[in-house]
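Student: Okay, so here is data-v1.cif, and as you'll see once you scroll down, it has mmCIF, N, CA and C atoms.
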```cif
data_protein
loop_
_atom_site.label_atom_id
_atom_site.label_comp_id
_atom_site.auth_asym_id
_atom_site.auth_seq_id
_atom_site.Cartn_x
_atom_site.Cartn_y
_atom_site.Cartn_z
N MET F 49 -44.15 -46.07 -84.44
CA MET F 49 -44.66 -45.93 -85.78
C MET F 49 -46.16 -45.63 -85.80
N THR F 50 -46.92 -46.26 -84.89
CA THR F 50 -48.36 -46.08 -84.93
C THR F 50 -48.77 -44.65 -84.61
N ASN F 51 -48.10 -44.00 -83.66
CA ASN F 51 -48.43 -42.61 -83.37
C ASN F 51 -48.08 -41.71 -84.55
N ASP F 52 -46.98 -42.01 -85.27
CA ASP F 52 -46.66 -41.27 -86.48
C ASP F 52 -47.76 -41.48 -87.52
N ALA F 53 -48.20 -42.73 -87.68
CA ALA F 53 -49.26 -43.04 -88.63
C ALA F 53 -50.55 -42.33 -88.24
N ARG F 54 -50.85 -42.32 -86.96
CA ARG F 54 -52.04 -41.63 -86.46
C ARG F 54 -51.98 -40.15 -86.82
N GLN F 55 -50.83 -39.52 -86.58
CA GLN F 55 -50.68 -38.10 -86.88
C GLN F 55 -50.79 -37.83 -88.38
N LYS F 56 -50.20 -38.70 -89.21
CA LYS F 56 -50.31 -38.54 -90.66
C LYS F 56 -51.76 -38.65 -91.12
N LEU F 57 -52.52 -39.56 -90.50
CA LEU F 57 -53.93 -39.68 -90.85
C LEU F 57 -54.72 -38.44 -90.44
N ILE F 58 -54.44 -37.90 -89.27
CA ILE F 58 -55.10 -36.66 -88.84
C ILE F 58 -54.85 -35.57 -89.88
N GLU F 59 -53.61 -35.44 -90.32
CA GLU F 59 -53.26 -34.43 -91.33
C GLU F 59 -53.93 -34.74 -92.67
N ALA F 60 -53.97 -36.02 -93.05
CA ALA F 60 -54.60 -36.40 -94.31
C ALA F 60 -56.10 -36.10 -94.28
N TYR F 61 -56.77 -36.38 -93.17
CA TYR F 61 -58.20 -36.11 -93.07
C TYR F 61 -58.46 -34.61 -93.10
N SER F 62 -57.57 -33.83 -92.53
CA SER F 62 -57.69 -32.38 -92.62
C SER F 62 -57.60 -31.93 -94.08
N ALA F 63 -56.67 -32.51 -94.83
CA ALA F 63 -56.54 -32.18 -96.25
C ALA F 63 -57.78 -32.61 -97.02
N ILE F 64 -58.32 -33.78 -96.71
CA ILE F 64 -59.54 -34.25 -97.38
C ILE F 64 -60.68 -33.27 -97.17
N SER F 65 -60.78 -32.70 -95.97
CA SER F 65 -61.86 -31.74 -95.69
C SER F 65 -61.73 -30.49 -96.56
N ARG F 66 -60.52 -30.26 -97.11
CA ARG F 66 -60.29 -29.14 -98.04
C ARG F 66 -60.34 -29.60 -99.49
N GLY F 67 -60.72 -30.87 -99.72
CA GLY F 67 -60.83 -31.40 -101.07
C GLY F 67 -59.55 -31.97 -101.65
N ASP F 68 -58.54 -32.19 -100.82
CA ASP F 68 -57.25 -32.69 -101.28
C ASP F 68 -57.05 -34.14 -100.82
N MET F 69 -57.17 -35.08 -101.76
CA MET F 69 -57.02 -36.50 -101.44
C MET F 69 -55.57 -36.97 -101.46
N GLU F 70 -54.68 -36.20 -102.05
CA GLU F 70 -53.31 -36.68 -102.29
C GLU F 70 -52.55 -37.08 -101.03
N PRO F 71 -52.65 -36.35 -99.91
CA PRO F 71 -51.93 -36.81 -98.72
C PRO F 71 -52.32 -38.23 -98.29
N LEU F 72 -53.60 -38.56 -98.38
CA LEU F 72 -54.03 -39.92 -98.05
C LEU F 72 -53.53 -40.91 -99.10
N LEU F 73 -53.73 -40.59 -100.37
CA LEU F 73 -53.32 -41.51 -101.44
C LEU F 73 -51.81 -41.77 -101.42
N SER F 74 -51.04 -40.79 -101.01
CA SER F 74 -49.58 -40.96 -100.96
C SER F 74 -49.14 -41.92 -99.84
N MET F 75 -50.03 -42.21 -98.91
CA MET F 75 -49.72 -43.12 -97.81
C MET F 75 -49.96 -44.58 -98.17
N LEU F 76 -50.60 -44.84 -99.32
CA LEU F 76 -51.02 -46.19 -99.66
C LEU F 76 -49.89 -47.00 -100.28
N ALA F 77 -49.78 -48.26 -99.85
CA ALA F 77 -48.87 -49.20 -100.49
C ALA F 77 -49.43 -49.53 -101.87
N GLU F 78 -48.57 -49.81 -102.82
CA GLU F 78 -49.01 -50.12 -104.19
C GLU F 78 -50.02 -51.26 -104.22
N ASP F 79 -49.88 -52.23 -103.32
CA ASP F 79 -50.77 -53.40 -103.32
C ASP F 79 -51.88 -53.30 -102.27
N ILE F 80 -52.27 -52.08 -101.94
CA ILE F 80 -53.33 -51.83 -100.95
C ILE F 80 -54.57 -52.67 -101.26
N ALA F 81 -55.20 -53.17 -100.21
CA ALA F 81 -56.52 -53.79 -100.30
C ALA F 81 -57.49 -52.83 -99.60
N TRP F 82 -58.33 -52.15 -100.38
CA TRP F 82 -59.22 -51.10 -99.89
C TRP F 82 -60.64 -51.65 -99.92
N THR F 83 -61.27 -51.76 -98.75
CA THR F 83 -62.59 -52.40 -98.66
C THR F 83 -63.63 -51.40 -98.19
N TYR F 84 -64.71 -51.32 -98.95
CA TYR F 84 -65.91 -50.61 -98.51
C TYR F 84 -66.94 -51.70 -98.28
N ALA F 85 -67.33 -51.90 -97.03
CA ALA F 85 -68.12 -53.05 -96.63
C ALA F 85 -69.58 -52.91 -97.04
N ALA F 86 -69.81 -53.04 -98.35
CA ALA F 86 -71.15 -53.09 -98.91
C ALA F 86 -71.09 -53.98 -100.14
N PRO F 87 -72.18 -54.66 -100.46
CA PRO F 87 -72.16 -55.58 -101.61
C PRO F 87 -71.95 -54.83 -102.93
N PRO F 88 -70.95 -55.22 -103.71
CA PRO F 88 -70.69 -54.53 -104.97
C PRO F 88 -71.81 -54.68 -105.99
N ASP F 89 -72.65 -55.68 -105.84
CA ASP F 89 -73.78 -55.82 -106.76
C ASP F 89 -74.94 -54.88 -106.38
N GLN F 90 -74.83 -54.22 -105.21
CA GLN F 90 -75.86 -53.28 -104.78
C GLN F 90 -75.35 -51.85 -104.71
N LEU F 91 -74.03 -51.68 -104.69
CA LEU F 91 -73.44 -50.35 -104.57
C LEU F 91 -72.18 -50.34 -105.43
N ALA F 92 -72.12 -49.46 -106.39
CA ALA F 92 -71.05 -49.48 -107.40
C ALA F 92 -69.65 -49.43 -106.80
N TYR F 93 -69.49 -48.80 -105.64
CA TYR F 93 -68.16 -48.70 -105.04
C TYR F 93 -67.97 -49.66 -103.87
N GLY F 94 -68.92 -50.57 -103.65
CA GLY F 94 -68.80 -51.57 -102.59
C GLY F 94 -67.78 -52.64 -102.93
N GLY F 95 -67.33 -53.34 -101.91
CA GLY F 95 -66.41 -54.46 -102.10
C GLY F 95 -64.96 -54.09 -101.89
N ILE F 96 -64.07 -54.92 -102.43
CA ILE F 96 -62.62 -54.76 -102.23
C ILE F 96 -62.00 -54.23 -103.51
N HIS F 97 -61.15 -53.23 -103.35
CA HIS F 97 -60.45 -52.59 -104.46
C HIS F 97 -58.95 -52.80 -104.23
N HIS F 98 -58.27 -53.36 -105.23
CA HIS F 98 -56.85 -53.70 -105.08
C HIS F 98 -55.98 -52.73 -105.86
N GLY F 99 -55.00 -52.14 -105.18
CA GLY F 99 -54.04 -51.26 -105.82
C GLY F 99 -54.46 -49.80 -105.78
N VAL F 100 -53.47 -48.92 -105.87
CA VAL F 100 -53.70 -47.48 -105.77
C VAL F 100 -54.60 -46.99 -106.90
N ALA F 101 -54.38 -47.48 -108.13
CA ALA F 101 -55.22 -47.04 -109.26
C ALA F 101 -56.68 -47.39 -109.01
N SER F 102 -56.93 -48.54 -108.46
CA SER F 102 -58.30 -48.95 -108.15
C SER F 102 -58.90 -48.07 -107.05
N VAL F 103 -58.09 -47.68 -106.08
CA VAL F 103 -58.57 -46.79 -105.02
C VAL F 103 -58.92 -45.42 -105.60
N ARG F 104 -58.11 -44.94 -106.53
CA ARG F 104 -58.43 -43.67 -107.20
C ARG F 104 -59.78 -43.77 -107.92
N ARG F 105 -60.02 -44.89 -108.62
CA ARG F 105 -61.30 -45.09 -109.30
C ARG F 105 -62.45 -45.15 -108.28
N PHE F 106 -62.18 -45.80 -107.13
CA PHE F 106 -63.17 -45.84 -106.05
C PHE F 106 -63.62 -44.42 -105.69
N PHE F 107 -62.64 -43.53 -105.45
CA PHE F 107 -62.98 -42.15 -105.07
C PHE F 107 -63.69 -41.41 -106.20
N GLU F 108 -63.31 -41.67 -107.45
CA GLU F 108 -64.00 -41.05 -108.58
C GLU F 108 -65.46 -41.51 -108.63
N THR F 109 -65.68 -42.81 -108.40
CA THR F 109 -67.04 -43.34 -108.41
C THR F 109 -67.86 -42.75 -107.27
N VAL F 110 -67.29 -42.74 -106.08
CA VAL F 110 -67.99 -42.14 -104.93
C VAL F 110 -68.35 -40.69 -105.26
N GLY F 111 -67.39 -39.94 -105.77
CA GLY F 111 -67.62 -38.52 -106.08
C GLY F 111 -68.69 -38.28 -107.13
N SER F 112 -68.90 -39.26 -108.00
CA SER F 112 -69.92 -39.10 -109.03
C SER F 112 -71.31 -39.46 -108.53
N LEU F 113 -71.39 -40.12 -107.38
CA LEU F 113 -72.67 -40.61 -106.88
C LEU F 113 -73.13 -39.97 -105.57
N VAL F 114 -72.18 -39.50 -104.74
CA VAL F 114 -72.50 -39.06 -103.39
C VAL F 114 -72.07 -37.61 -103.18
N ALA F 115 -72.97 -36.83 -102.60
CA ALA F 115 -72.63 -35.50 -102.10
C ALA F 115 -72.60 -35.62 -100.58
N PHE F 116 -71.46 -35.31 -99.98
CA PHE F 116 -71.35 -35.43 -98.53
C PHE F 116 -71.85 -34.15 -97.87
N ASP F 117 -72.81 -34.32 -96.97
CA ASP F 117 -73.39 -33.19 -96.26
C ASP F 117 -72.74 -32.99 -94.90
N GLY F 118 -72.06 -34.01 -94.42
CA GLY F 118 -71.38 -33.92 -93.14
C GLY F 118 -70.47 -35.10 -92.97
N TYR F 119 -69.36 -34.86 -92.35
CA TYR F 119 -68.38 -35.92 -92.15
C TYR F 119 -67.58 -35.55 -90.92
N SER F 120 -67.67 -36.35 -89.87
CA SER F 120 -66.89 -36.05 -88.66
C SER F 120 -65.95 -37.21 -88.37
N HIS F 121 -64.79 -36.87 -87.87
CA HIS F 121 -63.78 -37.85 -87.45
C HIS F 121 -63.48 -37.54 -86.00
N ASP F 122 -64.17 -38.24 -85.12
CA ASP F 122 -64.17 -37.89 -83.71
C ASP F 122 -63.02 -38.50 -82.92
N GLN F 123 -62.56 -39.68 -83.35
CA GLN F 123 -61.48 -40.35 -82.62
C GLN F 123 -60.51 -40.99 -83.60
N PHE F 124 -59.23 -40.88 -83.31
CA PHE F 124 -58.17 -41.57 -84.03
C PHE F 124 -57.47 -42.45 -83.00
N ILE F 125 -57.66 -43.75 -83.07
CA ILE F 125 -57.17 -44.67 -82.06
C ILE F 125 -56.07 -45.52 -82.66
N ALA F 126 -54.88 -45.46 -82.05
CA ALA F 126 -53.73 -46.20 -82.58
C ALA F 126 -53.36 -47.33 -81.63
N GLY F 127 -53.02 -48.48 -82.23
CA GLY F 127 -52.55 -49.62 -81.45
C GLY F 127 -51.86 -50.61 -82.36
N GLY F 128 -50.66 -51.02 -82.01
CA GLY F 128 -49.92 -51.94 -82.86
C GLY F 128 -49.67 -51.30 -84.21
N SER F 129 -50.01 -51.99 -85.28
CA SER F 129 -49.82 -51.45 -86.63
C SER F 129 -51.14 -50.96 -87.23
N THR F 130 -52.12 -50.68 -86.37
CA THR F 130 -53.46 -50.31 -86.83
C THR F 130 -53.87 -48.96 -86.25
N VAL F 131 -54.55 -48.17 -87.08
CA VAL F 131 -55.19 -46.94 -86.63
C VAL F 131 -56.66 -47.03 -87.03
N VAL F 132 -57.54 -46.75 -86.07
CA VAL F 132 -58.98 -46.76 -86.32
C VAL F 132 -59.50 -45.34 -86.17
N VAL F 133 -60.27 -44.91 -87.14
CA VAL F 133 -60.90 -43.59 -87.12
C VAL F 133 -62.40 -43.81 -86.94
N ILE F 134 -62.96 -43.17 -85.93
CA ILE F 134 -64.38 -43.32 -85.64
C ILE F 134 -65.06 -41.98 -85.83
N GLY F 135 -66.21 -42.02 -86.49
CA GLY F 135 -66.93 -40.77 -86.73
C GLY F 135 -68.32 -41.00 -87.26
N ARG F 136 -68.78 -40.06 -88.06
CA ARG F 136 -70.13 -40.09 -88.60
C ARG F 136 -70.08 -39.53 -90.02
N GLU F 137 -70.96 -40.04 -90.86
CA GLU F 137 -71.02 -39.63 -92.26
C GLU F 137 -72.47 -39.35 -92.64
N GLN F 138 -72.70 -38.20 -93.25
CA GLN F 138 -74.01 -37.88 -93.80
C GLN F 138 -73.82 -37.58 -95.28
N GLY F 139 -74.65 -38.19 -96.11
CA GLY F 139 -74.53 -37.96 -97.54
C GLY F 139 -75.87 -38.07 -98.22
N ARG F 140 -75.84 -37.78 -99.53
CA ARG F 140 -77.06 -37.89 -100.33
C ARG F 140 -76.70 -38.28 -101.75
N SER F 141 -77.61 -38.94 -102.38
CA SER F 141 -77.45 -39.34 -103.77
C SER F 141 -77.47 -38.09 -104.65
N ILE F 142 -76.47 -37.95 -105.50
CA ILE F 142 -76.45 -36.83 -106.44
C ILE F 142 -77.62 -36.95 -107.41
N LYS F 143 -77.98 -38.18 -107.78
CA LYS F 143 -79.05 -38.38 -108.77
C LYS F 143 -80.45 -38.20 -108.20
N SER F 144 -80.69 -38.75 -107.00
CA SER F 144 -82.07 -38.74 -106.47
C SER F 144 -82.28 -37.77 -105.32
N GLY F 145 -81.20 -37.38 -104.65
CA GLY F 145 -81.33 -36.52 -103.47
C GLY F 145 -81.63 -37.28 -102.19
N THR F 146 -81.77 -38.60 -102.26
CA THR F 146 -82.04 -39.42 -101.09
C THR F 146 -80.85 -39.35 -100.13
N THR F 147 -81.13 -39.18 -98.84
CA THR F 147 -80.06 -38.97 -97.85
C THR F 147 -79.83 -40.21 -96.99
N TYR F 148 -78.66 -40.22 -96.36
CA TYR F 148 -78.33 -41.21 -95.34
C TYR F 148 -77.50 -40.54 -94.26
N ASP F 149 -77.49 -41.14 -93.09
CA ASP F 149 -76.72 -40.66 -91.93
C ASP F 149 -76.30 -41.91 -91.17
N THR F 150 -74.99 -42.12 -91.05
CA THR F 150 -74.51 -43.37 -90.46
C THR F 150 -73.25 -43.16 -89.63
N PRO F 151 -73.12 -43.89 -88.53
CA PRO F 151 -71.82 -43.94 -87.88
C PRO F 151 -70.84 -44.64 -88.81
N MET F 152 -69.55 -44.36 -88.66
CA MET F 152 -68.57 -45.03 -89.50
C MET F 152 -67.31 -45.31 -88.70
N ALA F 153 -66.60 -46.34 -89.16
CA ALA F 153 -65.27 -46.65 -88.64
C ALA F 153 -64.38 -46.94 -89.83
N HIS F 154 -63.20 -46.33 -89.84
CA HIS F 154 -62.18 -46.58 -90.85
C HIS F 154 -61.03 -47.31 -90.17
N ILE F 155 -60.65 -48.44 -90.68
CA ILE F 155 -59.59 -49.25 -90.09
C ILE F 155 -58.42 -49.29 -91.06
N TYR F 156 -57.27 -48.79 -90.62
CA TYR F 156 -56.06 -48.74 -91.43
C TYR F 156 -55.01 -49.67 -90.84
N ASP F 157 -54.44 -50.53 -91.67
CA ASP F 157 -53.31 -51.37 -91.27
C ASP F 157 -52.06 -50.87 -91.99
N PHE F 158 -50.99 -50.70 -91.23
CA PHE F 158 -49.74 -50.13 -91.75
C PHE F 158 -48.64 -51.18 -91.76
N ASN F 159 -47.75 -51.08 -92.75
CA ASN F 159 -46.55 -51.93 -92.76
C ASN F 159 -45.41 -51.20 -92.03
N SER F 160 -44.25 -51.81 -91.95
CA SER F 160 -43.14 -51.24 -91.20
C SER F 160 -42.57 -49.99 -91.87
N GLN F 161 -42.91 -49.75 -93.14
CA GLN F 161 -42.47 -48.53 -93.83
C GLN F 161 -43.46 -47.38 -93.67
N GLY F 162 -44.52 -47.61 -92.91
CA GLY F 162 -45.52 -46.56 -92.69
C GLY F 162 -46.54 -46.42 -93.79
N GLN F 163 -46.63 -47.43 -94.66
CA GLN F 163 -47.61 -47.40 -95.74
C GLN F 163 -48.87 -48.17 -95.33
N VAL F 164 -50.00 -47.72 -95.83
CA VAL F 164 -51.26 -48.41 -95.58
C VAL F 164 -51.35 -49.61 -96.51
N THR F 165 -51.45 -50.80 -95.93
CA THR F 165 -51.55 -52.02 -96.73
C THR F 165 -52.99 -52.53 -96.82
N ALA F 166 -53.83 -52.13 -95.87
CA ALA F 166 -55.24 -52.54 -95.89
C ALA F 166 -56.08 -51.45 -95.25
N PHE F 167 -57.26 -51.26 -95.80
CA PHE F 167 -58.22 -50.29 -95.29
C PHE F 167 -59.59 -50.94 -95.35
N THR F 168 -60.40 -50.73 -94.31
CA THR F 168 -61.79 -51.18 -94.30
C THR F 168 -62.65 -50.05 -93.77
N GLU F 169 -63.72 -49.74 -94.51
CA GLU F 169 -64.70 -48.76 -94.03
C GLU F 169 -65.95 -49.51 -93.63
N LEU F 170 -66.35 -49.31 -92.40
CA LEU F 170 -67.57 -49.92 -91.86
C LEU F 170 -68.60 -48.81 -91.62
N VAL F 171 -69.76 -48.99 -92.22
CA VAL F 171 -70.88 -48.07 -92.06
C VAL F 171 -72.15 -48.90 -91.97
N ASP F 172 -73.27 -48.23 -91.73
CA ASP F 172 -74.56 -48.89 -91.86
C ASP F 172 -74.82 -48.99 -93.37
N SER F 173 -74.27 -50.03 -93.97
CA SER F 173 -74.31 -50.14 -95.44
C SER F 173 -75.74 -50.26 -95.96
N ALA F 174 -76.65 -50.76 -95.17
CA ALA F 174 -78.04 -50.85 -95.62
C ALA F 174 -78.61 -49.46 -95.88
N SER F 175 -78.31 -48.50 -95.01
CA SER F 175 -78.83 -47.14 -95.23
C SER F 175 -78.15 -46.48 -96.42
N VAL F 176 -76.87 -46.77 -96.63
CA VAL F 176 -76.16 -46.22 -97.79
C VAL F 176 -76.72 -46.83 -99.07
N VAL F 177 -76.91 -48.14 -99.08
CA VAL F 177 -77.46 -48.81 -100.26
C VAL F 177 -78.87 -48.28 -100.56
N ARG F 178 -79.69 -48.07 -99.53
CA ARG F 178 -81.04 -47.54 -99.75
C ARG F 178 -80.97 -46.16 -100.42
N ALA F 179 -80.03 -45.34 -100.00
CA ALA F 179 -79.93 -43.98 -100.53
C ALA F 179 -79.23 -43.93 -101.89
N ILE F 180 -78.16 -44.68 -102.04
CA ILE F 180 -77.29 -44.56 -103.21
C ILE F 180 -77.42 -45.74 -104.17
N GLY F 181 -77.66 -46.93 -103.63
CA GLY F 181 -77.57 -48.17 -104.40
C GLY F 181 -78.38 -48.23 -105.66
N ASP F 182 -79.65 -47.87 -105.60
CA ASP F 182 -80.49 -47.96 -106.80
C ASP F 182 -80.02 -47.03 -107.90
N ASN F 183 -79.24 -46.03 -107.54
CA ASN F 183 -78.79 -45.03 -108.50
C ASN F 183 -77.34 -45.20 -108.89
N SER F 184 -76.68 -46.27 -108.40
CA SER F 184 -75.24 -46.37 -108.61
C SER F 184 -74.85 -47.34 -109.71
N GLN F 185 -75.77 -48.13 -110.19
CA GLN F 185 -75.41 -49.14 -111.19
C GLN F 185 -75.52 -48.62 -112.60
#
```
Take the structure in this file and express it as structure tokens.

Tutor:
Amino acid sequence: MTNDARQKLIEAYSAISRGDMEPLLSMLAEDIAWTYAAPPDQLAYGGIHHGVASVRRFFETVGSLVAFDGYSHDQFIAGGSTVVVIGREQGRSIKSGTTYDTPMAHIYDFNSQGQVTAFTELVDSASVVRAIGDNSQ
């Protein structure tokens, strides 16, 4: 199952690079716990988002605040019921133009039906908050 999940994520990330979020969103369990590891009082999309509707709002919020200048997904590592994506993210505040550049890790946990039940994004949240945070509230 994990190699299937890994392959589905590779395909979903390819779709995301073309602006299509639906392949990723279709993989989410209804009760997904989606975490962006930054304080929600400092970054509008930080914290834990519960459910697919909340994840959609997360992406809408990110899209209203961040312009991505670069996004690489260098490794997709599968083990057990988890797939980890390692890469780099470069972005800038739509409002101020302030930029950030950070390594990132995306951690996906899958259930036995192949749905994502938990997601965590790890970045240098301090650099993201410095660039986006003051403009996100």

Student: Excluding Ser120 (chain F) and any residue of its chain fewer than 3 positions from it, enumerate the residues within 7 Å of it, using only N, CA and C atoms, and give them as a list in words.

Tutor: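 Near neighbours after the sequence-gap exclusion: Gln123, Ile134, Gly135, Arg136, Glu137 and Gln138 of chain F.
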
Student: I need the strand (DSSP E or B) residues of chain F per DSSP on the backbone, written as a PyMOL selection string.

Tutor: chain F and resi 76-84+95-98+114-127+130-141+147-158+164-171

Student: Applied to the shown file, which residues does the PyMOL selection byres (((chain F and resi 114 and name CA) around 6) and name CA) return, written as a ChimeraX atom specification?

Tutor: /F:110-111,113,115,140-142

Student: Could you check which of F:Ala77, F:Val132, F:Ala53, F:Met152 is closest to Val164 (chain F), using only N, CA and C atoms?

Tutor: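 Answer, going by the shortest atom-to-atom distance: F:Ala77.
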
Student: Write out as a compact mmCIF listing (two decimals) with N, CA and C atoms, in the coordinates of the input the residues lying within 8 Å of Tyr148 (chain F), counting only C-alpha atoms and excluding same-chain residues fewer than 2 positions away.

Tutor:
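Result file part16.txt:
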```
# COMPACT_ATOMS: atom_id res chain seq x y z
N GLN F 138 -72.70 -38.20 -93.25
CA GLN F 138 -74.01 -37.88 -93.80
C GLN F 138 -73.82 -37.58 -95.28
N GLY F 139 -74.65 -38.19 -96.11
CA GLY F 139 -74.53 -37.96 -97.54
C GLY F 139 -75.87 -38.07 -98.22
N ARG F 140 -75.84 -37.78 -99.53
CA ARG F 140 -77.06 -37.89 -100.33
C ARG F 140 -76.70 -38.28 -101.75
N THR F 146 -81.77 -38.60 -102.26
CA THR F 146 -82.04 -39.42 -101.09
C THR F 146 -80.85 -39.35 -100.13
N THR F 150 -74.99 -42.12 -91.05
CA THR F 150 -74.51 -43.37 -90.46
C THR F 150 -73.25 -43.16 -89.63
N SER F 175 -78.31 -48.50 -95.01
CA SER F 175 -78.83 -47.14 -95.23
C SER F 175 -78.15 -46.48 -96.42
N VAL F 176 -76.87 -46.77 -96.63
CA VAL F 176 -76.16 -46.22 -97.79
C VAL F 176 -76.72 -46.83 -99.07
N ALA F 179 -80.03 -45.34 -100.00
CA ALA F 179 -79.93 -43.98 -100.53
C ALA F 179 -79.23 -43.93 -101.89
```

Student: Can you write out as a Markdown table which residues of region 112-180 of chain F fall within 12 Å of region 56-62 of chain F, alongside each residue's closest atom pair and its distance in Å to one decimal, counting only C-alpha atoms and ordering rows by chain and ascending residue number?

Tutor:
```
| residue | atom | partner | partner_atom | distance |
| --- | --- | --- | --- | --- |
| F:Tyr119 | CA | F:Tyr61 | CA | 10.2 |
| F:Ser120 | CA | F:Tyr61 | CA | 9.7 |
| F:His121 | CA | F:Tyr61 | CA | 8.1 |
| F:Asp122 | CA | F:Ile58 | CA | 10.5 |
| F:Gln123 | CA | F:Ile58 | CA | 9.6 |
| F:Phe124 | CA | F:Ile58 | CA | 7.5 |
| F:Ile125 | CA | F:Leu57 | CA | 10.6 |
| F:Ala126 | CA | F:Leu57 | CA | 10.5 |
| F:Thr130 | CA | F:Leu57 | CA | 11.4 |
| F:Val131 | CA | F:Leu57 | CA | 8.5 |
| F:Val132 | CA | F:Leu57 | CA | 9.8 |
| F:Val133 | CA | F:Leu57 | CA | 8.8 |
| F:Ile134 | CA | F:Ile58 | CA | 11.9 |
| F:Gly135 | CA | F:Tyr61 | CA | 11.8 |
| F:His154 | CA | F:Leu57 | CA | 10.8 |
| F:Ile155 | CA | F:Leu57 | CA | 11.1 |
| F:Tyr156 | CA | F:Leu57 | CA | 9.3 |
| F:Asp157 | CA | F:Leu57 | CA | 11.7 |
| F:Phe158 | CA | F:Leu57 | CA | 11.3 |
| F:Gly162 | CA | F:Lys56 | CA | 9.6 |
| F:Gln163 | CA | F:Lys56 | CA | 10.6 |
| F:Val164 | CA | F:Leu57 | CA | 10.3 |
```

Student: Given only C-alpha atoms as the basis, pick out the residue of F:Asp149, F:Asp79, F:Asp172, F:Asp68 nearest to Gly99 (chain F).

Tutor: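 Of F:Asp149, F:Asp79, F:Asp172, F:Asp68, the one nearest Gly99 (chain F), counting only C-alpha atoms, is F:Asp79.
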
Student: Any chance you could work out the residue set of the PyMOL selection byres ((chain F and resi 95) around 6) here, as a ChimeraX atom specification?

Tutor: /F:82-88,93-94,96-97

Student: So how far away is CA of Gln55 (chain F) from CA of Ser112 (chain F), in Å?

Tutor: 29.4 Å

Student: Check the smallest atom-to-atom distance from each of F:Ser102, F:Ala81, F:Thr147, F:Gln90 to Phe167 (chain F) using only N, CA and C atoms, then report the winner.

Tutor: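 Looking only at the distances to Phe167 (chain F), the closest residue turns out to be F:Ala81.
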
Student: Could you state the separation of CA of Gly181 (chain F) and atom N of Lys143 (chain F) in Å, given to one decimal place?

Tutor: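 Taking CA of Gly181 (chain F) and atom N of Lys143 (chain F), their separation equals 10.6 Å.
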
Student: Suppose you want the space between CA of Val177 (chain F) and CA of Ala92 (chain F); what is it in Å?

Tutor: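 Separating CA of Val177 (chain F) from CA of Ala92 (chain F) is a distance of 9.6 Å.
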
Student: Select, from F:Phe106, F:Ala174, F:Asn159, F:Ser129, the residue with the minimum atom-to-atom distance to Leu73 (chain F), counting only C-alpha atoms.

Tutor: F:Phe106

Student: What box, with edges along x, y and z, holds each listed atom of region 92-96 of chain F when 4 Å is added on every side, and can you state its centre and edge lengths in Å to one decimal, as AutoDock Vina command-line options?

Tutor:
```
--center_x -67.1 --center_y -51.8 --center_z -104.6 --size_x 18.1 --size_y 14.2 --size_z 13.5
```

Student: Considering only C-alpha atoms, state which residue in the set F:Met75, F:Met69, F:Asn51, F:Ile64 is at the smallest distance from Thr165 (chain F).

Tutor: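 Result for the nearest residue to Thr165 (chain F): F:Met75.
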
Student: Quick one: pick out all alpha helix (DSSP H) residues within region 72-113 of chain F from a backbone DSSP run and write them as a ChimeraX atom specification.

Tutor: /F:72-73,100-113
